[in-house]
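The data block below is my_file_33.pdb; it holds PDB, C-alpha atoms.
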ATOM      1  CA  MET A 662       5.675  -9.366 -31.463
ATOM      2  CA  ILE A 663       6.307  -5.764 -32.596
ATOM      3  CA  LYS A 664       2.879  -5.428 -34.156
ATOM      4  CA  HIS A 665       1.349  -6.253 -30.786
ATOM      5  CA  GLY A 666       3.388  -3.520 -29.104
ATOM      6  CA  THR A 667       0.421  -1.457 -27.920
ATOM      7  CA  MET A 668      -1.257  -4.493 -26.374
ATOM      8  CA  ILE A 669       1.941  -5.555 -24.634
ATOM      9  CA  LEU A 670       2.751  -2.069 -23.337
ATOM     10  CA  LEU A 671      -0.731  -1.596 -21.907
ATOM     11  CA  ALA A 672      -0.628  -4.981 -20.191
ATOM     12  CA  VAL A 673       2.821  -4.356 -18.699
ATOM     13  CA  ILE A 674       1.739  -0.988 -17.306
ATOM     14  CA  LEU A 675      -1.439  -2.368 -15.735
ATOM     15  CA  GLY A 676       0.203  -5.521 -14.369
ATOM     16  CA  THR A 677       3.128  -3.600 -12.873
ATOM     17  CA  GLY A 678       0.808  -0.937 -11.496
ATOM     18  CA  PHE A 679      -1.301  -3.586  -9.804
ATOM     19  CA  ARG A 680       1.802  -5.058  -8.159
ATOM     20  CA  VAL A 681       2.961  -1.621  -7.006
ATOM     21  CA  SER A 682      -0.438  -0.974  -5.416
ATOM     22  CA  LEU A 683      -0.041  -4.113  -3.279
ATOM     23  CA  LEU A 684       3.498  -3.301  -2.154
ATOM     24  CA  LYS A 685       3.737  -1.245   0.999
ATOM     25  CA  VAL A 686       6.007  -1.069   3.991
ATOM     26  CA  ASP A 687       4.195  -1.202   7.332
ATOM     27  CA  TYR A 688       4.712  -2.360  10.916
ATOM     28  CA  ARG A 689       5.086  -5.981   9.769
ATOM     29  CA  GLN A 690       8.489  -5.101   8.255
ATOM     30  CA  TYR A 691       8.001  -6.626   4.855
ATOM     31  CA  PRO A 692       9.502  -5.986   2.464
ATOM     32  CA  GLY A 693      11.088  -3.836   5.162
ATOM     33  CA  TYR A 694      14.288  -2.684   3.507
ATOM     34  CA  PRO A 695      15.062  -0.578   0.382
ATOM     35  CA  ASN A 696      16.852  -3.315  -1.534
ATOM     36  CA  GLY A 697      13.976  -5.693  -0.926
ATOM     37  CA  TYR A 698      11.524  -3.082  -2.165
ATOM     38  CA  ILE A 699      13.422  -2.810  -5.436
ATOM     39  CA  VAL A 700      13.587  -6.593  -5.757
ATOM     40  CA  HIS A 701       9.817  -6.932  -5.384
ATOM     41  CA  LEU A 702       9.123  -4.167  -7.873
ATOM     42  CA  THR A 703      11.503  -5.784 -10.352
ATOM     43  CA  PHE A 704       9.874  -9.190  -9.966
ATOM     44  CA  GLY A 705       6.459  -7.560 -10.372
ATOM     45  CA  PHE A 706       7.565  -5.908 -13.602
ATOM     46  CA  ILE A 707       8.987  -9.189 -14.912
ATOM     47  CA  ALA A 708       5.738 -10.970 -14.030
ATOM     48  CA  ALA A 709       3.737  -8.339 -15.910
ATOM     49  CA  VAL A 710       6.015  -8.660 -18.955
ATOM     50  CA  LEU A 711       5.625 -12.437 -18.949
ATOM     51  CA  GLY A 712       1.850 -12.147 -18.675
ATOM     52  CA  SER A 713       1.695  -9.627 -21.504
ATOM     53  CA  LEU A 714       3.620 -11.931 -23.857
ATOM     54  CA  ILE A 715       1.395 -14.994 -23.511
ATOM     55  CA  MET A 716      -1.391 -13.813 -25.829
ATOM     56  CA  PRO A 717       0.935 -12.496 -28.590
ATOM     57  CA  ALA A 718       2.841 -15.795 -28.465
ATOM     58  CA  LEU A 719      -0.396 -17.740 -28.869
ATOM     59  CA  ILE A 720      -1.558 -15.465 -31.705
ATOM     60  CA  GLU A 721       1.727 -16.028 -33.545
ATOM     61  CA  GLU A 722       1.543 -19.747 -32.702
ATOM     62  CA  ASN A 723       4.954 -19.467 -31.101
ATOM     63  CA  TYR A 724       4.491 -22.327 -28.667
ATOM     64  CA  ILE A 725       8.197 -22.488 -27.859
ATOM     65  CA  ALA A 726       7.913 -18.993 -26.399
ATOM     66  CA  VAL A 727       4.961 -20.106 -24.259
ATOM     67  CA  THR A 728       7.058 -22.996 -22.925
ATOM     68  CA  VAL A 729       9.887 -20.616 -22.067
ATOM     69  CA  LEU A 730       7.434 -18.350 -20.265
ATOM     70  CA  GLY A 731       6.205 -21.288 -18.223
ATOM     71  CA  ALA A 732       9.758 -22.120 -17.178
ATOM     72  CA  ALA A 733      10.418 -18.492 -16.254
ATOM     73  CA  VAL A 734       7.405 -18.445 -13.949
ATOM     74  CA  GLN A 735       9.030 -21.149 -11.828
ATOM     75  CA  GLN A 736      11.644 -18.583 -10.826
ATOM     76  CA  PHE A 737       9.009 -16.749  -8.805
ATOM     77  CA  ARG A 738       9.468 -19.358  -6.114
ATOM     78  CA  ASP A 739      12.764 -17.656  -5.373
ATOM     79  CA  ILE A 740      10.842 -14.658  -4.047
ATOM     80  CA  ARG A 741       9.207 -16.882  -1.438
ATOM     81  CA  ASN A 742      12.573 -18.264  -0.370
ATOM     82  CA  MET A 743      14.051 -14.761  -0.230
ATOM     83  CA  GLU A 744      11.365 -13.420   2.102
ATOM     84  CA  ARG A 745      11.404 -16.566   4.237
ATOM     85  CA  ASP A 746      15.169 -16.361   4.656
ATOM     86  CA  PHE A 747      15.112 -12.634   5.444
ATOM     87  CA  LEU A 748      12.379 -12.848   8.069
ATOM     88  CA  SER A 749      13.895 -15.978   9.601
ATOM     89  CA  GLU A 750      17.263 -14.244   9.926
ATOM     90  CA  ILE A 751      15.838 -11.270  11.835
ATOM     91  CA  GLU A 752      13.545 -13.430  13.980
ATOM     92  CA  ALA A 753      16.146 -13.571  16.745
ATOM     93  CA  THR A 754      16.115  -9.763  16.984
ATOM     94  CA  GLU A 755      12.377  -9.560  17.699
ATOM     95  CA  ILE A 756      11.215  -9.065  21.277
ATOM     96  CA  ILE A 757       8.149 -11.141  20.410
ATOM     97  CA  PRO A 758       8.949 -13.375  17.397
ATOM     98  CA  ARG A 759       6.534 -13.760  14.497
ATOM     99  CA  GLY A 760       6.688 -17.530  14.523
ATOM    100  CA  LYS A 761       7.260 -19.900  11.595
ATOM    101  CA  ALA A 762       3.606 -19.941  10.526
ATOM    102  CA  TYR A 763       3.516 -16.143  10.164
ATOM    103  CA  ILE A 764       6.785 -16.097   8.212
ATOM    104  CA  GLU A 765       5.600 -18.800   5.820
ATOM    105  CA  GLY A 766       2.349 -16.922   5.246
ATOM    106  CA  VAL A 767       4.222 -13.735   4.358
ATOM    107  CA  ALA A 768       6.508 -15.630   1.966
ATOM    108  CA  LYS A 769       3.547 -17.254   0.198
ATOM    109  CA  ASN A 770       1.811 -13.894  -0.178
ATOM    110  CA  PHE A 771       4.758 -12.356  -1.976
ATOM    111  CA  GLU A 772       5.008 -15.264  -4.393
ATOM    112  CA  ALA A 773       1.268 -15.188  -5.081
ATOM    113  CA  ARG A 774       1.260 -11.443  -5.757
ATOM    114  CA  ASN A 775       3.695 -11.917  -8.626
ATOM    115  CA  TYR A 776       1.284 -14.406 -10.179
ATOM    116  CA  LEU A 777      -1.434 -11.822  -9.646
ATOM    117  CA  ALA A 778       0.545  -9.281 -11.683
ATOM    118  CA  LEU A 779       1.068 -11.901 -14.407
ATOM    119  CA  ILE A 780      -2.625 -12.836 -14.615
ATOM    120  CA  THR A 781      -3.709  -9.186 -14.610
ATOM    121  CA  ALA A 782      -1.393  -8.443 -17.533
ATOM    122  CA  PHE A 783      -2.561 -11.541 -19.389
ATOM    123  CA  MET A 784      -6.261 -10.712 -18.996
ATOM    124  CA  THR A 785      -5.539  -7.180 -20.195
ATOM    125  CA  THR A 786      -4.224  -8.600 -23.476
ATOM    126  CA  VAL A 787      -7.255 -10.911 -23.710
ATOM    127  CA  GLY A 788      -9.680  -7.996 -23.440
ATOM    128  CA  TYR A 789      -7.654  -5.981 -25.930
ATOM    129  CA  TYR A 790      -7.419  -8.832 -28.442
ATOM    130  CA  ILE A 791     -11.137  -9.690 -28.346
ATOM    131  CA  LEU A 792     -12.141  -6.158 -29.303
ATOM    132  CA  GLU A 793      -9.334  -5.978 -31.838
ATOM    133  CA  GLN A 794     -10.861  -8.982 -33.593
ATOM    134  CA  LEU A 795     -14.216  -7.211 -33.628
ATOM    135  CA  GLY A 796     -12.642  -4.217 -35.374
ATOM    136  CA  VAL A 797     -13.163  -1.808 -32.481
ATOM    137  CA  GLU A 798     -11.127   1.394 -32.321
ATOM    138  CA  LEU A 799      -7.805   1.461 -30.471
ATOM    139  CA  LEU A 800      -9.103   3.589 -27.600
ATOM    140  CA  PHE A 801     -11.929   1.220 -26.786
ATOM    141  CA  ARG A 802      -9.661  -1.819 -27.185
ATOM    142  CA  GLY A 803      -7.360  -0.303 -24.585
ATOM    143  CA  LEU A 804     -10.246   0.479 -22.237
ATOM    144  CA  ALA A 805     -11.604  -3.053 -22.603
ATOM    145  CA  GLY A 806      -8.199  -4.466 -21.710
ATOM    146  CA  ILE A 807      -7.869  -2.214 -18.684
ATOM    147  CA  VAL A 808     -11.368  -3.031 -17.437
ATOM    148  CA  LEU A 809     -11.038  -6.801 -17.876
ATOM    149  CA  GLY A 810      -7.542  -6.923 -16.404
ATOM    150  CA  GLY A 811      -8.521  -4.679 -13.510
ATOM    151  CA  ILE A 812     -11.678  -6.651 -12.679
ATOM    152  CA  VAL A 813      -9.957 -10.036 -12.780
ATOM    153  CA  GLY A 814      -7.015  -8.724 -10.774
ATOM    154  CA  TYR A 815      -9.314  -7.224  -8.141
ATOM    155  CA  ILE A 816     -11.374 -10.418  -7.838
ATOM    156  CA  LEU A 817      -8.252 -12.531  -7.403
ATOM    157  CA  TYR A 818      -6.903 -10.059  -4.849
ATOM    158  CA  LYS A 819     -10.105 -10.283  -2.801
ATOM    159  CA  ILE A 820      -9.973 -14.075  -2.972
ATOM    160  CA  MET A 821      -6.365 -13.974  -1.756
ATOM    161  CA  SER A 822      -7.129 -11.545   1.073
ATOM    162  CA  ASN A 823      -7.045 -13.144   4.503
ATOM    163  CA  LYS A 824      -9.677 -12.645   7.145
ATOM    164  CA  THR A 825      -8.651 -11.025  10.396
ATOM    165  CA  VAL A 826      -9.161 -12.005  14.018
ATOM    166  CA  GLY A 827     -12.008  -9.501  14.231
ATOM    167  CA  ASP A 828     -13.888 -11.444  11.545
ATOM    168  CA  ILE A 829     -13.932 -14.709  13.490
ATOM    169  CA  ALA A 830     -13.865 -13.637  17.131
ATOM    170  CA  LYS A 831     -15.010 -11.045  19.642
ATOM    171  CA  VAL A 832     -12.173  -9.220  21.391
ATOM    172  CA  ARG A 833     -12.624  -7.845  24.895
ATOM    173  CA  ILE A 834     -10.212  -5.856  27.050
ATOM    174  CA  THR A 835     -10.495  -6.854  30.676
ATOM    175  CA  ASP A 836      -8.767  -6.364  33.999
ATOM    176  CA  ILE A 837      -6.090  -8.804  35.047
ATOM    177  CA  GLU A 838      -7.136 -11.056  37.933
ATOM    178  CA  PHE A 839      -4.635 -11.427  40.785
ATOM    179  CA  SER A 840      -4.896 -14.312  43.230
ATOM    180  CA  GLY A 841      -2.880 -16.557  45.532
ATOM    181  CA  PRO A 842      -0.273 -15.567  48.097
ATOM    182  CA  MET A 843       0.701 -11.902  47.686
ATOM    183  CA  ASP A 844      -1.527 -11.768  44.581
ATOM    184  CA  ALA A 845       1.342 -13.374  42.668
ATOM    185  CA  ASN A 846      -0.885 -15.447  40.338
ATOM    186  CA  MET A 847      -2.167 -13.587  37.284
ATOM    187  CA  GLY A 848      -4.788 -14.501  34.703
ATOM    188  CA  VAL A 849      -8.140 -13.636  33.146
ATOM    189  CA  GLU A 850     -11.572 -15.174  33.632
ATOM    190  CA  GLY A 851     -10.337 -17.690  36.188
ATOM    191  CA  VAL A 852      -7.479 -19.030  34.067
ATOM    192  CA  ILE A 853      -4.078 -18.512  35.725
ATOM    193  CA  MET A 854      -1.383 -17.779  33.155
ATOM    194  CA  MET A 855       1.715 -16.792  35.091
ATOM    195  CA  ASN A 856       3.199 -16.243  38.531
ATOM    196  CA  ILE A 857       5.234 -13.174  39.460
ATOM    197  CA  GLY A 858       7.390 -13.329  42.576
ATOM    198  CA  LEU A 859       9.145  -9.968  42.353
ATOM    199  CA  LYS A 860       7.138  -7.229  44.108
ATOM    200  CA  GLU A 861       8.334  -4.463  41.757
ATOM    201  CA  ALA A 862       7.277  -6.454  38.689
ATOM    202  CA  LEU A 863       3.948  -7.321  40.297
ATOM    203  CA  ASP A 864       3.253  -3.657  41.039
ATOM    204  CA  ASN A 865       3.977  -2.773  37.401
ATOM    205  CA  TRP A 866       1.596  -5.466  36.183
ATOM    206  CA  LYS A 867      -1.118  -4.113  38.483
ATOM    207  CA  GLU A 868      -0.544  -0.563  37.294
ATOM    208  CA  SER A 869       0.076  -1.032  33.571
ATOM    209  CA  GLY A 870      -0.914  -4.592  32.680
ATOM    210  CA  VAL A 871      -3.847  -5.356  30.399
ATOM    211  CA  GLY A 872      -5.897  -8.526  30.035
ATOM    212  CA  ILE A 873      -7.328  -9.535  26.668
ATOM    213  CA  VAL A 874      -9.971 -12.153  25.930
ATOM    214  CA  ILE A 875     -10.546 -13.419  22.388
ATOM    215  CA  GLU A 876     -13.844 -15.284  22.132
ATOM    216  CA  PRO A 877     -14.370 -17.409  18.978
ATOM    217  CA  LYS A 878     -17.674 -16.967  17.161
ATOM    218  CA  ASP A 879     -17.996 -20.623  16.138
ATOM    219  CA  ASP A 880     -16.172 -23.940  16.218
ATOM    220  CA  ASN A 881     -14.170 -23.074  13.097
ATOM    221  CA  ALA A 882     -12.852 -19.982  14.853
ATOM    222  CA  ARG A 883     -12.228 -21.966  18.023
ATOM    223  CA  ALA A 884     -10.031 -24.442  16.166
ATOM    224  CA  THR A 885      -8.193 -21.635  14.359
ATOM    225  CA  LEU A 886      -7.451 -19.704  17.539
ATOM    226  CA  ALA A 887      -6.210 -22.893  19.199
ATOM    227  CA  ASN A 888      -3.350 -22.900  16.701
ATOM    228  CA  ILE A 889      -0.135 -21.872  18.446
ATOM    229  CA  GLY A 890       1.168 -20.060  15.362
ATOM    230  CA  GLN A 891      -1.979 -17.935  15.144
ATOM    231  CA  ARG A 892      -1.761 -16.881  18.772
ATOM    232  CA  GLN A 893       1.927 -16.056  18.331
ATOM    233  CA  ALA A 894       1.042 -13.894  15.326
ATOM    234  CA  ILE A 895      -1.536 -11.974  17.402
ATOM    235  CA  MET A 896       0.993 -11.254  20.118
ATOM    236  CA  HIS A 897       3.640 -10.186  17.599
ATOM    237  CA  ASP A 898       1.300  -7.793  15.790
ATOM    238  CA  LEU A 899       0.069  -6.346  19.073
ATOM    239  CA  VAL A 900       3.599  -5.677  20.326
ATOM    240  CA  SER A 901       4.708  -4.362  16.918
ATOM    241  CA  GLN A 902       2.018  -1.690  16.990
ATOM    242  CA  LEU A 903       1.772  -0.739  20.665
ATOM    243  CA  GLY A 904       5.085  -1.902  22.074
ATOM    244  CA  THR A 905       5.664  -3.664  25.383
ATOM    245  CA  LYS A 906       7.689  -2.921  28.485
ATOM    246  CA  LEU A 907      10.050  -5.800  27.894
ATOM    247  CA  ASP A 908      13.748  -6.177  27.203
ATOM    248  CA  LYS A 909      16.256  -8.970  26.978
ATOM    249  CA  GLY A 910      16.966 -10.474  30.376
ATOM    250  CA  ILE A 911      13.726  -9.187  31.974
ATOM    251  CA  PRO A 912      11.324 -12.135  31.647
ATOM    252  CA  ASP A 913       8.837 -10.853  34.240
ATOM    253  CA  TYR A 914       7.125  -8.659  31.639
ATOM    254  CA  THR A 915       6.918 -11.202  28.827
ATOM    255  CA  PRO A 916       3.435 -11.195  27.232
ATOM    256  CA  VAL A 917       1.700 -14.551  27.577
ATOM    257  CA  ASN A 918      -1.356 -16.247  26.128
ATOM    258  CA  GLN A 919      -3.286 -19.331  27.091
ATOM    259  CA  LEU A 920      -6.235 -21.252  25.738
ATOM    260  CA  ASN A 921      -9.234 -21.923  27.956
ATOM    261  CA  LEU A 922      -9.796 -25.583  27.162
ATOM    262  CA  ASP A 923     -13.431 -25.472  28.315
ATOM    263  CA  THR A 924     -14.626 -22.434  26.367
ATOM    264  CA  GLY A 925     -12.073 -22.124  23.562
ATOM    265  CA  ARG A 926     -11.410 -18.513  24.521
ATOM    266  CA  VAL A 927      -7.866 -17.187  24.324
ATOM    267  CA  GLY A 928      -6.597 -15.099  27.214
ATOM    268  CA  MET A 929      -3.612 -12.766  26.909
ATOM    269  CA  LEU A 930      -1.613 -10.665  29.347
ATOM    270  CA  ILE A 931       0.607  -7.792  28.277
ATOM    271  CA  VAL A 932       2.220  -4.652  29.672
ATOM    272  CA  PRO A 933       1.945  -2.318  26.656
ATOM    273  CA  ILE A 934       3.858   0.908  26.277
ATOM    274  CA  GLU A 935       0.652   2.568  25.097
ATOM    275  CA  LYS A 936      -2.174   1.509  27.403
ATOM    276  CA  ASP A 937      -4.981   2.540  25.085
ATOM    277  CA  LYS A 938      -7.693  -0.106  25.336
ATOM    278  CA  GLU A 939      -9.370   0.792  22.060
ATOM    279  CA  CYS A 940      -6.075   0.653  20.187
ATOM    280  CA  ILE A 941      -5.196  -2.665  21.822
ATOM    281  CA  LYS A 942      -8.529  -4.110  20.750
ATOM    282  CA  GLU A 943      -8.093  -2.791  17.209
ATOM    283  CA  ALA A 944      -4.567  -4.201  16.962
ATOM    284  CA  VAL A 945      -5.748  -7.660  17.975
ATOM    285  CA  GLU A 946      -8.766  -7.552  15.668
ATOM    286  CA  SER A 947      -6.649  -6.497  12.674
ATOM    287  CA  THR A 948      -4.221  -9.415  12.952
ATOM    288  CA  PRO A 949      -4.554 -11.553   9.811
ATOM    289  CA  ILE A 950      -5.697 -15.146  10.036
ATOM    290  CA  LEU A 951      -2.752 -17.246   8.918
ATOM    291  CA  GLU A 952      -3.359 -19.540   5.981
ATOM    292  CA  ASP A 953      -1.710 -22.465   7.749
ATOM    293  CA  ALA A 954      -3.750 -21.852  10.908
ATOM    294  CA  LYS A 955      -7.185 -21.973   9.292
ATOM    295  CA  ARG A 956      -9.315 -24.847  10.490
ATOM    296  CA  LYS A 957     -12.860 -25.734   9.365
ATOM    297  CA  PRO A 958     -14.178 -28.628  11.444
ATOM    298  CA  LEU A 959     -17.737 -27.510  10.669
ATOM    299  CA  ALA A 960     -17.089 -28.324   7.006
ATOM    300  CA  THR A 961     -16.937 -32.012   7.920
ATOM    301  CA  LYS A 962     -19.854 -34.291   8.762
ATOM    302  CA  VAL A 963     -18.263 -35.329  12.032
ATOM    303  CA  GLY A 964     -17.547 -31.734  13.001
ATOM    304  CA  ARG A 965     -21.141 -30.623  12.374
ATOM    305  CA  LYS A 966     -22.504 -33.620  14.270
ATOM    306  CA  ALA A 967     -20.251 -32.900  17.243
ATOM    307  CA  ALA A 968     -21.267 -29.224  17.241
ATOM    308  CA  ASP A 969     -24.933 -30.200  17.438
TER     309      ASP A 969
END

Would you mind writing the file's structure down as structure tokens?
Amino acid sequence: MIKHGTMILLAVILGTGFRVSLLKVDYRQYPGYPNGYIVHLTFGFIAAVLGSLIMPALIEENYIAVTVLGAAVQQFRDIRNMERDFLSEIEATEIIPRGKAYIEGVAKNFEARNYLALITAFMTTVGYYILEQLGVELLFRGLAGIVLGGIVGYILYKIMSNKTVGDIAKVRITDIEFSGPMDANMGVEGVIMMNIGLKEALDNWKESGVGIVIEPKDDNARATLANIGQRQAIMHDLVSQLGTKLDKGIPDYTPVNQLNLDTGRVGMLIVPIEKDKECIKEAVESTPILEDAKRKPLATKVGRKAAD
């Protein structure tokens, strides 16, 4: 393996660098803690090392090494379990929980990104080796490896990237509708979502409350937004970014959402700390579509026939 040192080093650097570029701490709280950050970087480095060793092992016809590498890759599943366990443990501390579907999506993403680092490193060695066989100079072999690894890694990253709510639906900020005795019933577009009996709470909803309508663009989007986990994820991301006037033991200000069964639109009510309508709209639109929530009825014959 020593004679392939340059190839391996280049692949490890590119694979690890690609993993580092995908690792960031944001409002979603993952990885969310310093130790976790180090763990993910370490796993990314290990993935890059494993990917960089595949081609040299094949060149040397060391098939036992390839088998060992395959077994080592199975350990990446531990990263999914680690993130799932961490996010599940802190779920009880969230004012608006993420929900199981959101947590599982995050865990899958972290596992998949390690494979992405591995594949990027592997393709780097492929590009390097092909030009090495053609007798090309070291500099151009290195550039070929970087280009091939970078292109493949970027393509896979784009394939892995989830759509957002803004891609499948139109988001509108609207006034909350109050009806019934003492205006205690609240909702949007004729759909009543909750009843508030306390006058002080009702006054706060009238002053600071915001109504949100999410209108699906097609039947695929309608089925996706009907998923309870997806709607929970939207509410969690919205509260994470803009906050809400809610605390333990004060249920009157709990954000709610409800599906309009006739139109497929999702209505939401919230009392945000920051009542900026443009920011609220942007926060909702930027919520990722959960992998487990995706539905495509229009991809089926029955679904298309029903839509017509």

Open item on the list: Could you list, as a PyMOL selection string, every residue within 12 Å of stretch 697-708 of chain A, counting all atoms listed in the file and ignoring same-chain residues fewer than 2 positions away?
Closed with: chain A and resi 670+672-686+690-695+710-715+730-731+733-741+743-744+747-748+768+770-783

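Nearest residue to A:Lys909, choosing from A:Ala753, A:Met854, A:Met821, A:Ile889 and counting only C-alpha atoms: A:Ala753.
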
TODO: Fewer than 6 positions away in the same chain doesn't count, so skip those; otherwise give me all residues within 12 Å of A:Tyr790, counting all atoms listed in the file, as a PyMOL selection string.
DONE: chain A and resi 665+667-669+671-672+713+715-717+719-720+783-784+796-799+801-807+809

Open item on the list: The residues within 9 Å of (-6.7, -5.0, 19.3), using all atoms listed in the file and the coordinates of the file, should be reported as a ChimeraX atom specification; which are they?
Closed with: /A:827,832-834,873,895,899,938-948

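Here the question is which of A:Pro958, A:Gly760, A:Gly848, A:Gly904 gets nearest to A:Asn918 using all atoms listed in the file, and that residue is A:Gly848.
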
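Atom pair atom CA of A:Ile853 / atom CA of A:Ile934 has a distance of 23.0 Å (rounded to one decimal).
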